[in-house]
>>> print(open('data.cif').read())   # mmCIF, C-alpha atoms
data_query
loop_
_atom_site.label_atom_id
_atom_site.label_comp_id
_atom_site.auth_asym_id
_atom_site.auth_seq_id
_atom_site.Cartn_x
_atom_site.Cartn_y
_atom_site.Cartn_z
CA MET A 1 6.14 -16.82 10.63
CA LEU A 2 9.18 -16.31 8.43
CA PHE A 3 9.41 -17.86 5.00
CA SER A 4 10.60 -21.42 5.50
CA ILE A 5 13.31 -21.25 2.81
CA PRO A 6 15.90 -18.48 3.29
CA LEU A 7 15.41 -15.71 0.76
CA PHE A 8 18.88 -15.92 -0.72
CA LEU A 9 19.23 -19.70 -0.60
CA ALA A 10 15.95 -20.69 -2.23
CA PRO A 11 16.39 -23.11 -5.14
CA ALA A 12 14.88 -22.38 -8.51
CA LEU A 13 11.55 -23.94 -7.70
CA VAL A 14 8.54 -23.75 -9.99
CA ALA A 15 5.28 -23.50 -8.07
CA ALA A 16 1.71 -22.45 -8.57
CA HIS A 17 1.90 -18.68 -8.69
CA GLY A 18 -1.13 -16.45 -9.13
CA ALA A 19 -2.89 -13.68 -10.97
CA VAL A 20 -5.71 -11.20 -10.43
CA THR A 21 -8.97 -13.07 -11.09
CA SER A 22 -11.66 -10.53 -10.13
CA TYR A 23 -12.25 -6.93 -9.06
CA GLU A 24 -14.63 -5.09 -6.76
CA ILE A 25 -15.64 -1.51 -7.53
CA GLY A 26 -18.36 0.34 -5.69
CA GLY A 27 -19.69 -2.86 -4.15
CA LYS A 28 -19.99 -4.59 -7.52
CA THR A 29 -17.89 -7.61 -8.47
CA TYR A 30 -16.33 -7.79 -11.93
CA GLU A 31 -15.04 -11.19 -12.91
CA GLY A 32 -11.58 -11.45 -14.40
CA TYR A 33 -9.92 -14.21 -16.32
CA GLN A 34 -9.98 -17.55 -14.52
CA GLY A 35 -7.72 -19.96 -16.38
CA PHE A 36 -4.78 -20.49 -18.70
CA SER A 37 -6.42 -20.14 -22.12
CA PRO A 38 -8.39 -17.10 -23.33
CA VAL A 39 -12.14 -17.68 -23.36
CA ALA A 40 -13.95 -16.42 -26.45
CA GLY A 41 -16.80 -14.04 -25.64
CA ALA A 42 -16.13 -13.75 -21.89
CA GLN A 43 -17.75 -10.52 -20.60
CA ILE A 44 -14.96 -9.32 -18.35
CA ILE A 45 -13.10 -6.06 -17.74
CA GLN A 46 -9.72 -7.76 -17.47
CA ARG A 47 -7.44 -8.11 -20.46
CA GLN A 48 -7.10 -11.87 -20.82
CA TRP A 49 -3.66 -13.26 -20.12
CA PRO A 50 -2.31 -16.50 -21.64
CA ASP A 51 -1.02 -17.97 -18.34
CA TYR A 52 0.14 -16.94 -14.88
CA ASN A 53 3.68 -18.16 -15.13
CA PRO A 54 6.21 -15.50 -14.12
CA ILE A 55 7.74 -12.99 -16.48
CA MET A 56 11.47 -13.12 -15.88
CA THR A 57 12.81 -9.94 -17.51
CA VAL A 58 11.68 -6.35 -17.16
CA THR A 59 12.00 -5.82 -20.94
CA ASP A 60 9.66 -8.67 -21.90
CA ALA A 61 6.78 -7.45 -24.07
CA LYS A 62 4.36 -9.31 -21.79
CA MET A 63 5.25 -6.92 -18.97
CA THR A 64 2.63 -4.46 -20.20
CA CYS A 65 -0.42 -6.56 -19.32
CA ASN A 66 0.88 -10.14 -19.07
CA GLY A 67 0.17 -10.59 -22.77
CA GLY A 68 -3.43 -9.36 -22.50
CA THR A 69 -4.45 -7.04 -25.32
CA SER A 70 -8.22 -6.53 -25.08
CA ALA A 71 -11.38 -6.94 -23.02
CA PRO A 72 -15.00 -6.63 -24.15
CA ILE A 73 -16.25 -4.31 -21.37
CA ALA A 74 -15.03 -1.71 -18.87
CA ALA A 75 -16.02 -0.79 -15.32
CA GLU A 76 -17.09 2.73 -14.41
CA VAL A 77 -15.16 4.16 -11.45
CA PRO A 78 -15.83 7.58 -9.92
CA ALA A 79 -12.57 9.38 -9.20
CA GLY A 80 -11.73 8.97 -5.52
CA GLN A 81 -13.25 5.48 -5.28
CA ASN A 82 -11.32 2.30 -4.56
CA VAL A 83 -10.59 -0.54 -6.96
CA THR A 84 -9.96 -3.83 -5.17
CA ALA A 85 -8.20 -6.66 -6.99
CA PHE A 86 -8.59 -10.27 -5.85
CA TRP A 87 -6.33 -13.28 -6.32
CA LYS A 88 -7.56 -16.87 -5.97
CA GLN A 89 -4.05 -17.87 -4.98
CA TRP A 90 -0.67 -16.29 -4.33
CA THR A 91 2.37 -18.12 -3.01
CA HIS A 92 5.23 -15.65 -2.44
CA GLN A 93 5.78 -13.29 0.50
CA GLN A 94 8.91 -11.32 -0.46
CA GLY A 95 8.55 -8.44 -2.90
CA PRO A 96 6.65 -5.22 -3.63
CA VAL A 97 3.12 -4.54 -4.84
CA MET A 98 2.63 -1.77 -7.40
CA VAL A 99 -0.53 -0.35 -8.99
CA TRP A 100 -0.37 1.70 -12.18
CA LEU A 101 -2.75 3.63 -14.42
CA TYR A 102 -2.50 4.35 -18.15
CA SER A 103 -4.57 6.98 -19.93
CA CYS A 104 -5.94 5.58 -23.16
CA ASP A 105 -6.87 9.03 -24.54
CA GLY A 106 -9.57 7.39 -26.62
CA GLU A 107 -11.24 4.05 -27.15
CA PHE A 108 -9.99 0.88 -25.49
CA THR A 109 -9.76 -0.84 -28.86
CA ALA A 110 -6.90 1.50 -29.78
CA CYS A 111 -5.25 1.39 -26.34
CA ASN A 112 -2.28 -1.00 -26.25
CA GLY A 113 -0.45 0.44 -23.21
CA LYS A 114 2.81 0.77 -25.13
CA SER A 115 3.38 4.53 -24.88
CA LYS A 116 5.17 6.42 -22.12
CA LYS A 117 1.98 7.12 -20.18
CA TRP A 118 2.01 4.74 -17.21
CA PHE A 119 1.93 6.35 -13.75
CA LYS A 120 1.99 4.72 -10.34
CA ILE A 121 -0.84 5.36 -7.86
CA ASP A 122 -0.01 2.86 -5.12
CA GLU A 123 2.89 0.74 -3.90
CA MET A 124 4.16 -1.17 -0.91
CA GLY A 125 7.58 -2.73 -0.60
CA LEU A 126 9.61 -3.73 2.46
CA PHE A 127 8.06 -2.17 5.56
CA GLY A 128 10.37 -3.81 8.08
CA SER A 129 14.14 -3.91 8.40
CA THR A 130 14.92 -7.44 7.19
CA LEU A 131 14.96 -8.54 3.56
CA ASN A 132 14.53 -12.20 4.46
CA SER A 133 11.17 -11.72 6.16
CA ASN A 134 7.48 -11.49 5.41
CA ASP A 135 7.44 -7.72 5.94
CA TRP A 136 6.61 -7.06 2.28
CA GLY A 137 3.61 -5.90 0.30
CA THR A 138 3.25 -9.27 -1.40
CA ALA A 139 2.98 -10.95 2.02
CA LEU A 140 -0.25 -9.00 2.55
CA VAL A 141 -1.55 -10.31 -0.77
CA TYR A 142 -0.55 -13.81 0.37
CA LYS A 143 -2.51 -13.29 3.61
CA ASN A 144 -5.58 -11.47 2.29
CA LEU A 145 -5.67 -12.37 -1.43
CA LYS A 146 -6.72 -8.83 -2.26
CA TRP A 147 -5.35 -5.33 -2.70
CA SER A 148 -7.34 -2.08 -2.65
CA SER A 149 -6.18 1.22 -4.17
CA ARG A 150 -7.91 4.57 -4.49
CA ILE A 151 -8.26 6.19 -7.89
CA PRO A 152 -6.87 9.75 -7.60
CA ALA A 153 -9.74 12.05 -6.61
CA ASN A 154 -8.74 14.85 -9.00
CA LEU A 155 -7.91 12.61 -11.96
CA LYS A 156 -9.24 13.73 -15.33
CA PRO A 157 -12.14 11.52 -16.51
CA GLY A 158 -11.54 9.08 -19.33
CA ASN A 159 -10.65 5.55 -20.28
CA TYR A 160 -7.75 4.02 -18.33
CA LEU A 161 -5.98 0.73 -17.91
CA ILE A 162 -5.34 -0.23 -14.28
CA ARG A 163 -2.36 -2.53 -13.85
CA HIS A 164 -1.64 -4.57 -10.72
CA GLU A 165 1.91 -5.85 -10.47
CA LEU A 166 3.44 -8.23 -7.95
CA LEU A 167 7.22 -8.62 -8.03
CA ALA A 168 8.39 -11.81 -6.32
CA LEU A 169 11.93 -11.61 -4.91
CA HIS A 170 12.10 -14.90 -3.01
CA GLN A 171 14.95 -16.26 -5.16
CA ALA A 172 18.33 -14.54 -5.30
CA ASN A 173 18.92 -12.68 -8.57
CA THR A 174 15.76 -14.23 -10.04
CA PRO A 175 13.00 -11.61 -10.07
CA GLN A 176 9.54 -12.79 -11.10
CA PHE A 177 6.97 -10.31 -12.42
CA TYR A 178 3.21 -10.88 -12.30
CA PRO A 179 1.19 -8.06 -13.95
CA GLU A 180 -2.46 -7.95 -15.05
CA CYS A 181 -4.57 -5.14 -16.52
CA ALA A 182 -8.24 -4.19 -16.48
CA GLN A 183 -10.23 -1.52 -18.30
CA ILE A 184 -11.88 1.24 -16.26
CA LYS A 185 -13.79 4.41 -17.14
CA VAL A 186 -12.98 7.12 -14.62
CA THR A 187 -15.76 9.64 -14.08
CA GLY A 188 -15.91 12.95 -12.25
CA SER A 189 -14.96 16.58 -12.71
CA GLY A 190 -11.21 16.35 -12.11
CA THR A 191 -8.68 17.94 -14.41
CA ALA A 192 -5.36 16.56 -13.15
CA THR A 193 -3.14 14.64 -15.56
CA PRO A 194 0.35 13.39 -14.65
CA SER A 195 3.31 14.34 -16.80
CA GLY A 196 7.09 14.43 -16.87
CA SER A 197 8.87 12.27 -14.30
CA TYR A 198 5.60 10.69 -13.18
CA LEU A 199 5.33 8.83 -16.48
CA THR A 200 7.16 5.77 -17.76
CA SER A 201 6.93 3.06 -20.38
CA ILE A 202 6.11 -0.55 -19.61
CA PRO A 203 8.01 -2.72 -20.39
CA ALA A 204 11.42 -1.36 -19.40
CA TYR A 205 10.44 1.00 -16.55
CA ALA A 206 13.78 0.09 -14.96
CA ALA A 207 16.94 -1.80 -15.81
CA GLN A 208 17.08 -5.52 -15.07
CA SER A 209 20.15 -4.73 -12.96
CA ASP A 210 18.24 -2.23 -10.79
CA ALA A 211 18.91 -2.98 -7.11
CA GLY A 212 15.18 -3.14 -6.47
CA ILE A 213 14.80 -5.89 -9.08
CA MET A 214 18.02 -7.91 -9.01
CA VAL A 215 18.27 -8.57 -5.26
CA SER A 216 21.72 -10.03 -4.64
CA ASP A 217 22.89 -12.54 -2.03
CA ASP A 218 26.08 -10.51 -1.60
CA THR A 219 25.49 -9.18 1.91
CA SER A 220 28.35 -6.71 1.73
CA PHE A 221 26.70 -5.15 -1.32
CA ILE A 222 23.36 -4.92 0.43
CA CYS A 223 24.83 -3.48 3.61
CA ALA A 224 26.84 -0.95 1.65
CA ARG A 225 23.64 0.35 0.15
CA LYS A 226 21.97 0.25 3.59
CA LEU A 227 19.09 -1.75 2.14
CA THR A 228 17.65 1.35 0.54
CA GLU A 229 17.54 0.52 -3.15
CA ALA A 230 16.75 -3.13 -2.49
CA ARG A 231 13.46 -2.14 -0.87
CA SER A 232 11.70 -0.85 -3.98
CA ILE A 233 12.14 -0.29 -7.67
CA SER A 234 13.99 2.92 -8.46
CA THR A 235 12.09 3.76 -11.61
CA ARG A 236 12.01 7.18 -13.18
CA ALA A 237 8.23 7.19 -12.68
CA ARG A 238 7.52 8.56 -9.23
CA LEU A 239 4.49 7.81 -7.12
CA LEU A 240 1.92 10.60 -7.10
CA HIS A 241 2.09 12.36 -3.74
CA THR A 242 1.00 15.46 -1.87
CA SER A 243 4.05 17.55 -2.72
CA ALA A 244 3.64 17.12 -6.46
CA PRO A 245 3.82 20.33 -8.48
CA ALA A 246 0.87 21.75 -10.43
CA PRO A 247 -1.19 20.42 -12.10
CA LEU A 248 -0.82 17.43 -9.81
CA SER A 249 -1.44 19.24 -6.53
CA GLY A 250 -4.31 17.40 -4.89
CA LEU A 251 -3.68 14.21 -6.84
CA VAL A 252 -2.97 12.38 -3.60
CA GLU A 253 -2.41 8.65 -3.45
CA GLN A 254 -0.87 6.02 -1.22
CA LYS A 255 2.78 5.32 -0.60
CA ARG A 256 2.48 2.61 2.01
CA ASN A 257 5.40 2.48 4.45
CA MET A 258 7.97 2.33 1.66
CA ARG A 259 11.07 3.16 3.71
CA GLY A 260 14.16 4.07 1.79
CA SER A 261 12.32 4.21 -1.50
CA SER A 262 13.98 6.00 -4.38
CA VAL A 263 10.81 6.26 -6.44
#
>>> encode(input="data.cif", output="structure tokens")
Amino acid sequence: MLFSIPLFLAPALVAAHGAVTSYEIGGKTYEGYQGFSPVAGAQIIQRQWPDYNPIMTVTDAKMTCNGGTSAPIAAEVPAGQNVTAFWKQWTHQQGPVMVWLYSCDGEFTACNGKSKKWFKIDEMGLFGSTLNSNDWGTALVYKNLKWSSRIPANLKPGNYLIRHELLALHQANTPQFYPECAQIKVTGSGTATPSGSYLTSIPAYAAQSDAGIMVSDDTSFICARKLTEARSISTRARLLHTSAPAPLSGLVEQKRNMRGSSV
């Protein structure tokens, strides 16, 4: 069923939104943060966020990990295994899902996610032909309240942040960002490390005016661009894929039906 309020006519409503609240890795559940205020001493892998209200600008400092800066433990993940994030609630069905990794290159206590080292391992945007529809990655989160992504099989072992990001585009020219981070220790014998155009900084991985972020209600504008850039964020950081040059050959991850993507 289509969203009951037209995408480009929706009023500026404030509703209960959502955030990642737990993870499953190798059949084991890792609890995340459950509420609005950080809990002292909670033994979780997720970096605790202050609230799950939307972030409204791509340059906001909270874009890195929704304001989360630390977690007391980390989950071990063999390269090639899936990490599944769970939401207790999610209310929007128009917008992309993106999953990022960040190499800490050391201890988590010194890893703030602020360098140009984020790389995307999974994404899903508009997989149909109509913007005002539920044919979006976030609609699958709405339906299933979970998202599973494979850690690159050839990734170099080490400490990483994994960042799940939902971008809600249900209101015209009013993007809403919902990111959360968790701490994982990737194991294995891989040697691949992304570099160059695969890497970006967060915040500011794209301009606020990017056509994949600021979705306009000007239909002539959208038609002129043939819906291409409005389907996904055209960041400089590309998704890892099979045609990547060395040393990334074999670092194969998912690009899920992202038609017209410029990433």
>>> resolve_selection(input="data.cif", expression="the PyMOL selection byres ((chain A and resi 169) around 8)", output="NGL selection string")
:A and (7 or 94-95 or 167-168 or 170-176 or 213 or 215)
>>> atom_distance(input="data.cif", atom1="CA of Asp51 in chain A", atom2="CA of Gly67 in chain A")
8.7 Å
>>> atom_distance(input="data.cif", atom1="CA of Lys146 in chain A", atom2="CA of Tyr160 in chain A")
20.6 Å
>>> closest_residue(input="data.cif", among="A:Ala85, A:Ala75, A:Leu199, A:Ala42", to="Lys117 in chain A", atoms="all atoms listed in the file")
A:Leu199
>>> atom_distance(input="data.cif", atom1="CA of Thr191 in chain A", atom2="CA of Glu24 in chain A")
25.0 Å
>>> residues_around(input="data.cif", residues="Ile45 in chain A", least_positions_apart="6", cutoff="9 Å", atoms="all atoms listed in the file", output="list in words")
Ser22, Tyr23, Tyr30, Glu31, Gly32, Tyr33, Ser70, Ala71, Pro72, Ile73, Ala74, Ala75, Cys181, Ala182, Gln183 and Ile184 of chain A
>>> residues_near_point(input="data.cif", point="(-1.9, -8.1, -0.8)", cutoff="10 Å", atoms="all atoms listed in the file", output="list of chain:residue names")
A:Ala85, A:Phe86, A:Trp87, A:Trp90, A:Gln93, A:Pro96, A:Val97, A:Met124, A:Trp136, A:Gly137, A:Thr138, A:Ala139, A:Leu140, A:Val141, A:Tyr142, A:Lys143, A:Asn144, A:Leu145, A:Lys146, A:Trp147, A:Ser148, A:Leu166
>>> residues_near_point(input="data.cif", point="(-19.4, 12.0, -17.9)", cutoff="10 Å", atoms="only C-alpha atoms", output="list in words")
Pro78, Pro157, Gly158, Lys185, Val186, Thr187, Gly188 and Ser189 of chain A
>>> closest_residue(input="data.cif", among="A:Glu180, A:Asp210, A:Asp122, A:Asp105", to="Pro50 in chain A", atoms="all atoms listed in the file")
A:Glu180
>>> closest_residue(input="data.cif", among="A:Gly18, A:Pro194, A:Pro54, A:Gly128", to="Leu101 in chain A", atoms="all atoms listed in the file")
A:Pro194
>>> closest_residue(input="data.cif", among="A:Lys62, A:Lys120, A:Lys28, A:His92", to="Pro179 in chain A", atoms="only C-alpha atoms")
A:Lys62
>>> axis_aligned_box(input="data.cif", around="range 183-194 of chain A", padding_each_side="5 Å", output="JSON")
{"center_x": -7.8, "center_y": 8.2, "center_z": -15.2, "size_x": 26.3, "size_y": 29.5, "size_z": 16.2}
>>> closest_residue(input="data.cif", among="A:Gly80, A:Asn66, A:Ala110, A:Ile162", to="Gly190 in chain A", atoms="only C-alpha atoms")
A:Gly80
>>> residues_around(input="data.cif", residues="Val99 in chain A", least_positions_apart="4", cutoff="7 Å", atoms="only C-alpha atoms", output="list in words")
Lys120, Ile121, Asp122, Glu123, Arg163, His164 and Glu165 of chain A
>>> decode(input="data.cif", residues="range 57-168 of chain A", atoms="C-alpha atoms", output="compact mmCIF listing (two decimals), in the first residue's frame")
# COMPACT_ATOMS: atom_id res chain seq x y z
CA THR A 57 21.67 18.68 8.10
CA VAL A 58 24.40 16.56 6.56
CA THR A 59 27.09 18.73 8.22
CA ASP A 60 25.80 18.24 11.77
CA ALA A 61 28.50 16.81 14.05
CA LYS A 62 26.00 14.20 15.26
CA MET A 63 26.00 12.67 11.78
CA THR A 64 29.04 10.58 12.67
CA CYS A 65 27.31 8.30 15.19
CA ASN A 66 24.19 10.22 16.28
CA GLY A 67 26.22 11.81 19.06
CA GLY A 68 27.53 8.49 20.38
CA THR A 69 31.20 8.56 21.29
CA SER A 70 32.00 5.33 23.14
CA ALA A 71 30.87 1.83 24.10
CA PRO A 72 32.32 -0.48 26.75
CA ILE A 73 32.60 -3.65 24.62
CA ALA A 74 32.90 -4.81 21.01
CA ALA A 75 31.57 -7.80 19.07
CA GLU A 76 33.90 -10.16 17.22
CA VAL A 77 32.91 -10.67 13.58
CA PRO A 78 34.72 -13.02 11.19
CA ALA A 79 35.20 -11.37 7.81
CA GLY A 80 32.50 -12.62 5.45
CA GLN A 81 29.87 -12.93 8.18
CA ASN A 82 26.68 -10.89 8.40
CA VAL A 83 25.85 -8.19 10.92
CA THR A 84 22.10 -7.73 11.37
CA ALA A 85 20.78 -4.54 12.93
CA PHE A 86 17.33 -4.42 14.55
CA TRP A 87 14.96 -1.52 15.15
CA LYS A 88 12.14 -1.65 17.70
CA GLN A 89 10.25 0.85 15.58
CA TRP A 90 10.59 2.70 12.30
CA THR A 91 7.92 4.88 10.75
CA HIS A 92 9.07 6.11 7.31
CA GLN A 93 9.02 4.25 3.99
CA GLN A 94 10.69 6.67 1.54
CA GLY A 95 14.47 6.90 1.53
CA PRO A 96 17.69 4.88 1.27
CA VAL A 97 19.47 2.57 3.71
CA MET A 98 23.26 2.79 3.90
CA VAL A 99 25.79 0.77 5.90
CA TRP A 100 29.32 2.05 6.47
CA LEU A 101 32.54 0.85 8.09
CA TYR A 102 35.35 2.88 9.64
CA SER A 103 38.78 1.48 10.43
CA CYS A 104 39.88 2.58 13.88
CA ASP A 105 43.53 1.61 13.28
CA GLY A 106 43.93 1.10 17.01
CA GLU A 107 41.91 1.04 20.19
CA PHE A 108 38.25 2.02 20.27
CA THR A 109 38.96 4.55 23.02
CA ALA A 110 40.92 6.62 20.50
CA CYS A 111 38.48 6.07 17.62
CA ASN A 112 36.15 9.04 17.12
CA GLY A 113 35.13 8.40 13.49
CA LYS A 114 36.10 11.91 12.43
CA SER A 115 38.78 11.13 9.83
CA LYS A 116 38.29 10.49 6.13
CA LYS A 117 38.10 6.72 6.56
CA TRP A 118 34.42 5.80 6.18
CA PHE A 119 33.57 3.38 3.36
CA LYS A 120 30.19 2.02 2.31
CA ILE A 121 29.57 -1.74 2.24
CA ASP A 122 25.83 -1.87 1.59
CA GLU A 123 23.02 0.35 0.34
CA MET A 124 19.51 0.26 -1.04
CA GLY A 125 17.63 3.22 -2.40
CA LEU A 126 14.68 3.43 -4.80
CA PHE A 127 14.21 0.06 -6.50
CA GLY A 128 11.05 0.97 -8.40
CA SER A 129 10.23 3.79 -10.80
CA THR A 130 8.13 6.08 -8.60
CA LEU A 131 9.49 8.41 -5.94
CA ASN A 132 6.16 8.64 -4.14
CA SER A 133 5.98 4.93 -3.35
CA ASN A 134 7.15 2.38 -0.84
CA ASP A 135 9.75 0.97 -3.22
CA TRP A 136 12.64 2.13 -1.02
CA GLY A 137 15.19 0.53 1.25
CA THR A 138 13.67 2.15 4.33
CA ALA A 139 10.30 0.55 3.49
CA LEU A 140 11.95 -2.84 4.04
CA VAL A 141 13.16 -1.67 7.45
CA TYR A 142 9.61 -0.50 8.16
CA LYS A 143 8.30 -3.96 7.21
CA ASN A 144 10.97 -6.18 8.79
CA LEU A 145 12.57 -3.95 11.46
CA LYS A 146 15.98 -5.34 10.58
CA TRP A 147 18.77 -5.03 8.03
CA SER A 148 21.54 -7.55 7.38
CA SER A 149 24.86 -6.76 5.69
CA ARG A 150 27.91 -8.91 5.03
CA ILE A 151 31.30 -7.79 6.27
CA PRO A 152 33.69 -7.88 3.26
CA ALA A 153 35.27 -11.35 3.14
CA ASN A 154 38.77 -10.05 2.32
CA LEU A 155 38.74 -7.13 4.75
CA LYS A 156 41.87 -6.65 6.84
CA PRO A 157 41.30 -7.65 10.49
CA GLY A 158 41.05 -4.93 13.10
CA ASN A 159 38.76 -2.69 15.09
CA TYR A 160 35.97 -1.05 13.10
CA LEU A 161 32.90 1.06 13.64
CA ILE A 162 29.83 -0.14 11.74
CA ARG A 163 27.35 2.62 10.99
CA HIS A 164 23.75 2.06 9.92
CA GLU A 165 22.09 5.08 8.37
CA LEU A 166 18.47 5.59 7.35
CA LEU A 167 17.67 8.71 5.34
CA ALA A 168 13.98 9.61 5.46
